[in-house]
$ cat protein.txt   # compact mmCIF, N, CA and C atoms
# COMPACT_ATOMS: atom_id res chain seq x y z
N MET A 6 20.53 -5.08 12.20
CA MET A 6 20.76 -4.20 13.33
C MET A 6 22.06 -3.42 13.08
N ARG A 7 22.03 -2.17 13.42
CA ARG A 7 23.23 -1.35 13.26
C ARG A 7 24.35 -1.90 14.14
N PRO A 8 25.57 -1.94 13.63
CA PRO A 8 26.70 -2.50 14.40
C PRO A 8 26.90 -1.86 15.76
N ASP A 9 26.73 -0.54 15.87
CA ASP A 9 26.92 0.11 17.17
C ASP A 9 25.88 -0.34 18.18
N ARG A 10 24.65 -0.54 17.71
CA ARG A 10 23.60 -1.02 18.62
C ARG A 10 23.80 -2.49 18.97
N ALA A 11 24.18 -3.28 17.98
CA ALA A 11 24.44 -4.70 18.23
C ALA A 11 25.56 -4.87 19.25
N CYS A 12 26.60 -4.07 19.14
CA CYS A 12 27.71 -4.15 20.10
C CYS A 12 27.26 -3.77 21.50
N SER A 13 26.45 -2.73 21.60
CA SER A 13 25.93 -2.30 22.90
C SER A 13 25.05 -3.37 23.54
N VAL A 14 24.17 -3.96 22.74
CA VAL A 14 23.28 -5.02 23.25
C VAL A 14 24.11 -6.22 23.68
N ALA A 15 25.07 -6.62 22.86
CA ALA A 15 25.91 -7.78 23.20
C ALA A 15 26.68 -7.53 24.49
N LYS A 16 27.23 -6.35 24.66
CA LYS A 16 27.97 -6.02 25.88
C LYS A 16 27.06 -6.12 27.10
N THR A 17 25.84 -5.61 27.00
CA THR A 17 24.90 -5.68 28.11
C THR A 17 24.57 -7.12 28.45
N ILE A 18 24.27 -7.91 27.44
CA ILE A 18 23.90 -9.31 27.66
C ILE A 18 25.04 -10.10 28.28
N LEU A 19 26.24 -9.89 27.78
CA LEU A 19 27.38 -10.70 28.22
C LEU A 19 27.94 -10.28 29.57
N THR A 20 27.57 -9.11 30.07
CA THR A 20 28.09 -8.66 31.36
C THR A 20 27.02 -8.60 32.44
N PHE A 21 25.81 -9.01 32.14
CA PHE A 21 24.69 -8.92 33.06
C PHE A 21 24.33 -10.32 33.54
N ASP A 22 24.65 -10.64 34.77
CA ASP A 22 24.44 -11.98 35.30
C ASP A 22 23.39 -11.95 36.42
N ILE A 23 22.23 -12.54 36.18
CA ILE A 23 21.16 -12.56 37.19
C ILE A 23 20.77 -14.00 37.54
N ARG A 24 21.71 -14.92 37.39
CA ARG A 24 21.40 -16.32 37.69
C ARG A 24 20.92 -16.52 39.12
N ASP A 25 21.40 -15.71 40.05
CA ASP A 25 20.98 -15.87 41.44
C ASP A 25 19.51 -15.52 41.64
N MET A 26 18.89 -14.89 40.66
CA MET A 26 17.48 -14.52 40.78
C MET A 26 16.53 -15.57 40.20
N LEU A 27 17.05 -16.57 39.51
CA LEU A 27 16.20 -17.58 38.89
C LEU A 27 15.27 -18.29 39.88
N PRO A 28 15.72 -18.63 41.09
CA PRO A 28 14.80 -19.28 42.03
C PRO A 28 13.59 -18.42 42.41
N LEU A 29 13.70 -17.11 42.22
CA LEU A 29 12.58 -16.22 42.54
C LEU A 29 11.48 -16.25 41.48
N VAL A 30 11.77 -16.83 40.33
CA VAL A 30 10.77 -16.93 39.25
C VAL A 30 9.92 -18.16 39.54
N THR A 31 8.71 -17.95 40.01
CA THR A 31 7.86 -19.06 40.43
C THR A 31 6.68 -19.32 39.50
N CYS A 32 6.50 -18.47 38.50
CA CYS A 32 5.41 -18.71 37.55
C CYS A 32 5.81 -19.82 36.59
N PRO A 33 4.85 -20.57 36.07
CA PRO A 33 5.19 -21.64 35.12
C PRO A 33 5.88 -21.06 33.88
N CYS A 34 6.92 -21.73 33.41
CA CYS A 34 7.69 -21.26 32.26
C CYS A 34 7.82 -22.34 31.20
N ARG A 35 7.75 -21.91 29.98
CA ARG A 35 8.02 -22.78 28.83
C ARG A 35 9.28 -22.25 28.18
N ILE A 36 10.31 -23.08 28.13
CA ILE A 36 11.61 -22.68 27.58
C ILE A 36 11.72 -23.28 26.19
N LEU A 37 11.71 -22.43 25.18
CA LEU A 37 11.82 -22.87 23.80
C LEU A 37 13.25 -22.62 23.34
N GLN A 38 13.92 -23.68 22.90
CA GLN A 38 15.33 -23.62 22.55
C GLN A 38 15.55 -24.15 21.14
N SER A 39 16.26 -23.38 20.31
CA SER A 39 16.65 -23.87 18.99
C SER A 39 17.70 -24.96 19.17
N LYS A 40 17.56 -26.00 18.40
CA LYS A 40 18.53 -27.09 18.47
C LYS A 40 19.92 -26.61 18.03
N TYR A 41 19.94 -25.70 17.07
CA TYR A 41 21.21 -25.20 16.55
C TYR A 41 21.29 -23.68 16.73
N ASP A 42 21.45 -23.26 17.98
CA ASP A 42 21.54 -21.84 18.32
C ASP A 42 23.02 -21.50 18.50
N PHE A 43 23.56 -20.63 17.66
CA PHE A 43 24.97 -20.27 17.73
C PHE A 43 25.29 -19.41 18.94
N ALA A 44 24.30 -18.74 19.52
CA ALA A 44 24.53 -17.82 20.62
C ALA A 44 24.27 -18.46 21.99
N VAL A 45 23.29 -19.37 22.07
CA VAL A 45 22.92 -19.99 23.35
C VAL A 45 22.91 -21.50 23.16
N PRO A 46 23.87 -22.20 23.78
CA PRO A 46 23.93 -23.66 23.61
C PRO A 46 22.81 -24.38 24.37
N LEU A 47 22.57 -25.61 23.99
CA LEU A 47 21.51 -26.41 24.61
C LEU A 47 21.62 -26.49 26.14
N PRO A 48 22.81 -26.62 26.72
CA PRO A 48 22.87 -26.68 28.19
C PRO A 48 22.31 -25.45 28.89
N ALA A 49 22.24 -24.32 28.22
CA ALA A 49 21.68 -23.11 28.85
C ALA A 49 20.21 -23.30 29.18
N SER A 50 19.45 -23.92 28.28
CA SER A 50 18.04 -24.14 28.57
C SER A 50 17.85 -25.15 29.70
N GLU A 51 18.72 -26.15 29.76
CA GLU A 51 18.64 -27.11 30.87
C GLU A 51 18.99 -26.43 32.19
N TYR A 52 19.95 -25.52 32.17
CA TYR A 52 20.31 -24.76 33.37
C TYR A 52 19.10 -23.96 33.87
N LEU A 53 18.44 -23.26 32.96
CA LEU A 53 17.23 -22.52 33.35
C LEU A 53 16.19 -23.44 33.96
N HIS A 54 15.95 -24.54 33.29
CA HIS A 54 14.96 -25.52 33.76
C HIS A 54 15.28 -25.99 35.18
N GLN A 55 16.54 -26.26 35.45
CA GLN A 55 16.96 -26.77 36.76
C GLN A 55 16.91 -25.70 37.86
N HIS A 56 17.05 -24.44 37.50
CA HIS A 56 17.21 -23.40 38.52
C HIS A 56 16.02 -22.45 38.68
N LEU A 57 15.03 -22.54 37.81
CA LEU A 57 13.84 -21.71 38.01
C LEU A 57 13.09 -22.18 39.26
N GLY A 58 12.42 -21.26 39.94
CA GLY A 58 11.74 -21.59 41.18
C GLY A 58 10.39 -22.26 41.01
N GLY A 59 9.84 -22.25 39.82
CA GLY A 59 8.54 -22.85 39.56
C GLY A 59 8.63 -23.94 38.52
N GLU A 60 7.47 -24.42 38.13
CA GLU A 60 7.38 -25.46 37.09
C GLU A 60 7.93 -24.92 35.78
N SER A 61 8.68 -25.77 35.07
CA SER A 61 9.16 -25.38 33.74
C SER A 61 9.23 -26.60 32.84
N VAL A 62 9.12 -26.32 31.55
CA VAL A 62 9.20 -27.34 30.52
C VAL A 62 10.18 -26.84 29.47
N VAL A 63 11.09 -27.71 29.02
CA VAL A 63 12.03 -27.36 27.96
C VAL A 63 11.57 -28.03 26.68
N GLU A 64 11.50 -27.26 25.63
CA GLU A 64 11.15 -27.78 24.30
C GLU A 64 12.29 -27.43 23.36
N ILE A 65 12.98 -28.46 22.85
CA ILE A 65 14.05 -28.26 21.88
C ILE A 65 13.42 -28.29 20.49
N MET A 66 13.54 -27.18 19.79
CA MET A 66 12.91 -27.07 18.47
C MET A 66 13.92 -27.41 17.37
N PRO A 67 13.48 -28.08 16.32
CA PRO A 67 14.37 -28.40 15.21
C PRO A 67 14.58 -27.18 14.32
N SER A 68 15.19 -26.15 14.89
CA SER A 68 15.39 -24.90 14.15
C SER A 68 16.84 -24.46 14.29
N ASN A 69 17.21 -23.53 13.42
CA ASN A 69 18.56 -22.97 13.42
C ASN A 69 18.51 -21.52 13.88
N GLY A 70 19.60 -21.09 14.47
CA GLY A 70 19.75 -19.68 14.79
C GLY A 70 19.20 -19.27 16.14
N HIS A 71 19.51 -18.04 16.49
CA HIS A 71 19.15 -17.50 17.80
C HIS A 71 17.77 -16.86 17.82
N LEU A 72 17.22 -16.56 16.67
CA LEU A 72 15.90 -15.93 16.60
C LEU A 72 14.97 -16.81 15.76
N PRO A 73 14.60 -17.98 16.27
CA PRO A 73 13.80 -18.89 15.46
C PRO A 73 12.43 -18.36 15.10
N GLN A 74 11.90 -17.43 15.88
CA GLN A 74 10.61 -16.84 15.53
C GLN A 74 10.71 -16.06 14.22
N LEU A 75 11.93 -15.64 13.85
CA LEU A 75 12.13 -14.95 12.58
C LEU A 75 12.59 -15.90 11.48
N SER A 76 13.51 -16.81 11.82
CA SER A 76 14.08 -17.70 10.80
C SER A 76 13.24 -18.95 10.54
N SER A 77 12.47 -19.40 11.53
CA SER A 77 11.68 -20.62 11.39
C SER A 77 10.30 -20.49 12.01
N PRO A 78 9.51 -19.48 11.61
CA PRO A 78 8.19 -19.33 12.23
C PRO A 78 7.30 -20.54 12.03
N ASP A 79 7.51 -21.29 10.95
CA ASP A 79 6.72 -22.49 10.69
C ASP A 79 6.98 -23.57 11.73
N VAL A 80 8.12 -23.51 12.41
CA VAL A 80 8.43 -24.45 13.49
C VAL A 80 7.95 -23.89 14.82
N VAL A 81 8.20 -22.62 15.05
CA VAL A 81 7.93 -22.00 16.35
C VAL A 81 6.43 -21.85 16.65
N ILE A 82 5.68 -21.39 15.69
CA ILE A 82 4.26 -21.09 15.93
C ILE A 82 3.48 -22.32 16.40
N PRO A 83 3.60 -23.48 15.75
CA PRO A 83 2.86 -24.65 16.25
C PRO A 83 3.27 -25.06 17.66
N ILE A 84 4.54 -24.87 18.00
CA ILE A 84 5.00 -25.24 19.35
C ILE A 84 4.41 -24.28 20.38
N ILE A 85 4.39 -23.00 20.08
CA ILE A 85 3.78 -22.04 21.00
C ILE A 85 2.29 -22.35 21.17
N LEU A 86 1.60 -22.60 20.06
CA LEU A 86 0.17 -22.92 20.14
C LEU A 86 -0.07 -24.19 20.96
N LYS A 87 0.80 -25.18 20.81
CA LYS A 87 0.66 -26.41 21.59
C LYS A 87 0.72 -26.11 23.09
N HIS A 88 1.65 -25.27 23.50
CA HIS A 88 1.78 -24.94 24.92
C HIS A 88 0.62 -24.08 25.41
N ILE A 89 0.13 -23.18 24.56
CA ILE A 89 -1.03 -22.37 24.94
C ILE A 89 -2.25 -23.27 25.14
N ARG A 90 -2.47 -24.18 24.20
CA ARG A 90 -3.61 -25.08 24.30
C ARG A 90 -3.50 -25.98 25.53
N ARG A 91 -2.30 -26.44 25.83
CA ARG A 91 -2.08 -27.30 27.00
C ARG A 91 -2.43 -26.54 28.27
N ASN A 92 -2.05 -25.27 28.35
CA ASN A 92 -2.34 -24.48 29.54
C ASN A 92 -3.84 -24.22 29.70
N PHE A 93 -4.54 -23.99 28.60
CA PHE A 93 -5.98 -23.78 28.69
C PHE A 93 -6.73 -25.05 29.05
N ALA A 94 -6.22 -26.18 28.62
CA ALA A 94 -6.87 -27.46 28.89
C ALA A 94 -6.69 -27.88 30.35
N ALA A 95 -5.65 -27.38 30.98
CA ALA A 95 -5.33 -27.80 32.37
C ALA A 95 -6.32 -27.25 33.37
$ encode --input "protein.txt" --output "structure tokens"
Amino acid sequence: MRPDRACSVAKTILTFDIRDMLPLVTCPCRILQSKYDFAVPLPASEYLHQHLGGESVVEIMPSNGHLPQLSSPDVVIPIILKHIRRNFAA
């Protein structure tokens, strides 16, 4: 990513706080979290889980980095498929 765009995105993310809106999210959510995410620590996924307005499940993946779908697709894809299959079976 170009540095100017990365800086703009980071500024937006770090100054945009919508935590008060989490209880309004009532659809079922699957929270996939990298075990070793340098940008978002593990407690962030637990916070989401505790404050969403609907059912949620947290899955800690044995992956590194903030974009595990790019760095560890072999880990992410089976986990996503597991949750999709679980939802169809319900």
$ residues_around --input "protein.txt" --residues "A:Phe43" --least-positions-apart "4" --cutoff "7 Å" --atoms "only N, CA and C atoms" --output "VMD selection string"
chain A and resid 69 to 71
$ closest_residue --input "protein.txt" --among "A:Ala11, A:Ile82, A:Met6, A:Met26" --to "A:Gly58" --atoms "all atoms listed in the file"
A:Met26
$ closest_residue --input "protein.txt" --among "A:Leu19, A:Leu57, A:Leu86, A:Met66" --to "A:Cys34" --atoms "only C-alpha atoms"
A:Leu57
$ atom_distance --input "protein.txt" --atom1 "atom C of A:Pro28" --atom2 "atom N of A:Phe93"
23.5 Å
$ closest_residue --input "protein.txt" --among "A:Ile84, A:Val14, A:Leu37, A:Ile89" --to "A:Leu53" --atoms "only C-alpha atoms"
A:Leu37
$ select_by_dssp --input "protein.txt" --residues "stretch 22-63 of chain A" --states "strand (DSSP E)" --output "list in words"
Cys34, Arg35, Ile36, Leu37, Gln38, Ser39, Lys40, Tyr41, Ser61, Val62 and Val63 of chain A
$ closest_residue --input "protein.txt" --among "A:Ile36, A:Cys12, A:Ile18, A:Leu27" --to "A:Val63" --atoms "only N, CA and C atoms"
A:Ile36
$ atom_distance --input "protein.txt" --atom1 "atom CA of A:Val30" --atom2 "atom CA of A:Val81"
23.6 Å
$ closest_residue --input "protein.txt" --among "A:Lys87, A:Pro73, A:Val80, A:Asp9" --to "A:Ser39" --atoms "only C-alpha atoms"
A:Pro73
$ axis_aligned_box --input "protein.txt" --around "stretch 58-62 of chain A" --padding-each-side "6 Å" --output "JSON"
{"center_x": 9.9, "center_y": -24.3, "center_z": 35.3, "size_x": 17.0, "size_y": 18.1, "size_z": 23.7}
$ atom_distance --input "protein.txt" --atom1 "atom N of A:His56" --atom2 "atom C of A:Arg24"
9.0 Å
$ select_by_dssp --input "protein.txt" --residues "stretch 20-62 of chain A" --states "helix (DSSP H, G or I)" --output "number ranges by chain"
A: 20, 24-29, 47-56
$ build_atoms --input "protein.txt" --residues "stretch 52-65 of chain A" --atoms "N, CA, C and O atoms" --output "PDB file, in the frame of the given file"
ATOM      1  N   TYR A  52      19.950 -25.520  32.170  1.00  0.00           N
ATOM      2  CA  TYR A  52      20.310 -24.760  33.370  1.00  0.00           C
ATOM      3  C   TYR A  52      19.100 -23.960  33.870  1.00  0.00           C
ATOM      4  O   TYR A  52      18.783 -23.981  35.060  1.00  0.00           O
ATOM      5  N   LEU A  53      18.440 -23.260  32.960  1.00  0.00           N
ATOM      6  CA  LEU A  53      17.230 -22.520  33.350  1.00  0.00           C
ATOM      7  C   LEU A  53      16.190 -23.440  33.960  1.00  0.00           C
ATOM      8  O   LEU A  53      15.630 -23.142  35.021  1.00  0.00           O
ATOM      9  N   HIS A  54      15.950 -24.540  33.290  1.00  0.00           N
ATOM     10  CA  HIS A  54      14.960 -25.520  33.760  1.00  0.00           C
ATOM     11  C   HIS A  54      15.280 -25.990  35.180  1.00  0.00           C
ATOM     12  O   HIS A  54      14.389 -26.085  36.028  1.00  0.00           O
ATOM     13  N   GLN A  55      16.540 -26.260  35.450  1.00  0.00           N
ATOM     14  CA  GLN A  55      16.960 -26.770  36.760  1.00  0.00           C
ATOM     15  C   GLN A  55      16.910 -25.700  37.860  1.00  0.00           C
ATOM     16  O   GLN A  55      16.761 -26.041  39.027  1.00  0.00           O
ATOM     17  N   HIS A  56      17.050 -24.440  37.500  1.00  0.00           N
ATOM     18  CA  HIS A  56      17.210 -23.400  38.520  1.00  0.00           C
ATOM     19  C   HIS A  56      16.020 -22.450  38.680  1.00  0.00           C
ATOM     20  O   HIS A  56      16.031 -21.633  39.608  1.00  0.00           O
ATOM     21  N   LEU A  57      15.030 -22.540  37.810  1.00  0.00           N
ATOM     22  CA  LEU A  57      13.840 -21.710  38.010  1.00  0.00           C
ATOM     23  C   LEU A  57      13.090 -22.180  39.260  1.00  0.00           C
ATOM     24  O   LEU A  57      13.105 -23.371  39.582  1.00  0.00           O
ATOM     25  N   GLY A  58      12.420 -21.260  39.940  1.00  0.00           N
ATOM     26  CA  GLY A  58      11.740 -21.590  41.180  1.00  0.00           C
ATOM     27  C   GLY A  58      10.390 -22.260  41.010  1.00  0.00           C
ATOM     28  O   GLY A  58       9.841 -22.799  41.965  1.00  0.00           O
ATOM     29  N   GLY A  59       9.840 -22.250  39.820  1.00  0.00           N
ATOM     30  CA  GLY A  59       8.540 -22.850  39.560  1.00  0.00           C
ATOM     31  C   GLY A  59       8.630 -23.940  38.520  1.00  0.00           C
ATOM     32  O   GLY A  59       9.710 -24.336  38.091  1.00  0.00           O
ATOM     33  N   GLU A  60       7.470 -24.420  38.130  1.00  0.00           N
ATOM     34  CA  GLU A  60       7.380 -25.460  37.090  1.00  0.00           C
ATOM     35  C   GLU A  60       7.930 -24.920  35.780  1.00  0.00           C
ATOM     36  O   GLU A  60       7.698 -23.780  35.401  1.00  0.00           O
ATOM     37  N   SER A  61       8.680 -25.770  35.070  1.00  0.00           N
ATOM     38  CA  SER A  61       9.160 -25.380  33.740  1.00  0.00           C
ATOM     39  C   SER A  61       9.230 -26.600  32.840  1.00  0.00           C
ATOM     40  O   SER A  61       9.333 -27.730  33.300  1.00  0.00           O
ATOM     41  N   VAL A  62       9.120 -26.320  31.550  1.00  0.00           N
ATOM     42  CA  VAL A  62       9.200 -27.340  30.520  1.00  0.00           C
ATOM     43  C   VAL A  62      10.180 -26.840  29.470  1.00  0.00           C
ATOM     44  O   VAL A  62      10.125 -25.675  29.081  1.00  0.00           O
ATOM     45  N   VAL A  63      11.090 -27.710  29.020  1.00  0.00           N
ATOM     46  CA  VAL A  63      12.030 -27.360  27.960  1.00  0.00           C
ATOM     47  C   VAL A  63      11.570 -28.030  26.680  1.00  0.00           C
ATOM     48  O   VAL A  63      11.279 -29.225  26.661  1.00  0.00           O
ATOM     49  N   GLU A  64      11.500 -27.260  25.630  1.00  0.00           N
ATOM     50  CA  GLU A  64      11.150 -27.780  24.300  1.00  0.00           C
ATOM     51  C   GLU A  64      12.290 -27.430  23.360  1.00  0.00           C
ATOM     52  O   GLU A  64      12.587 -26.260  23.132  1.00  0.00           O
ATOM     53  N   ILE A  65      12.980 -28.460  22.850  1.00  0.00           N
ATOM     54  CA  ILE A  65      14.050 -28.260  21.880  1.00  0.00           C
ATOM     55  C   ILE A  65      13.420 -28.290  20.490  1.00  0.00           C
ATOM     56  O   ILE A  65      12.831 -29.301  20.100  1.00  0.00           O
TER      57      ILE A  65
END
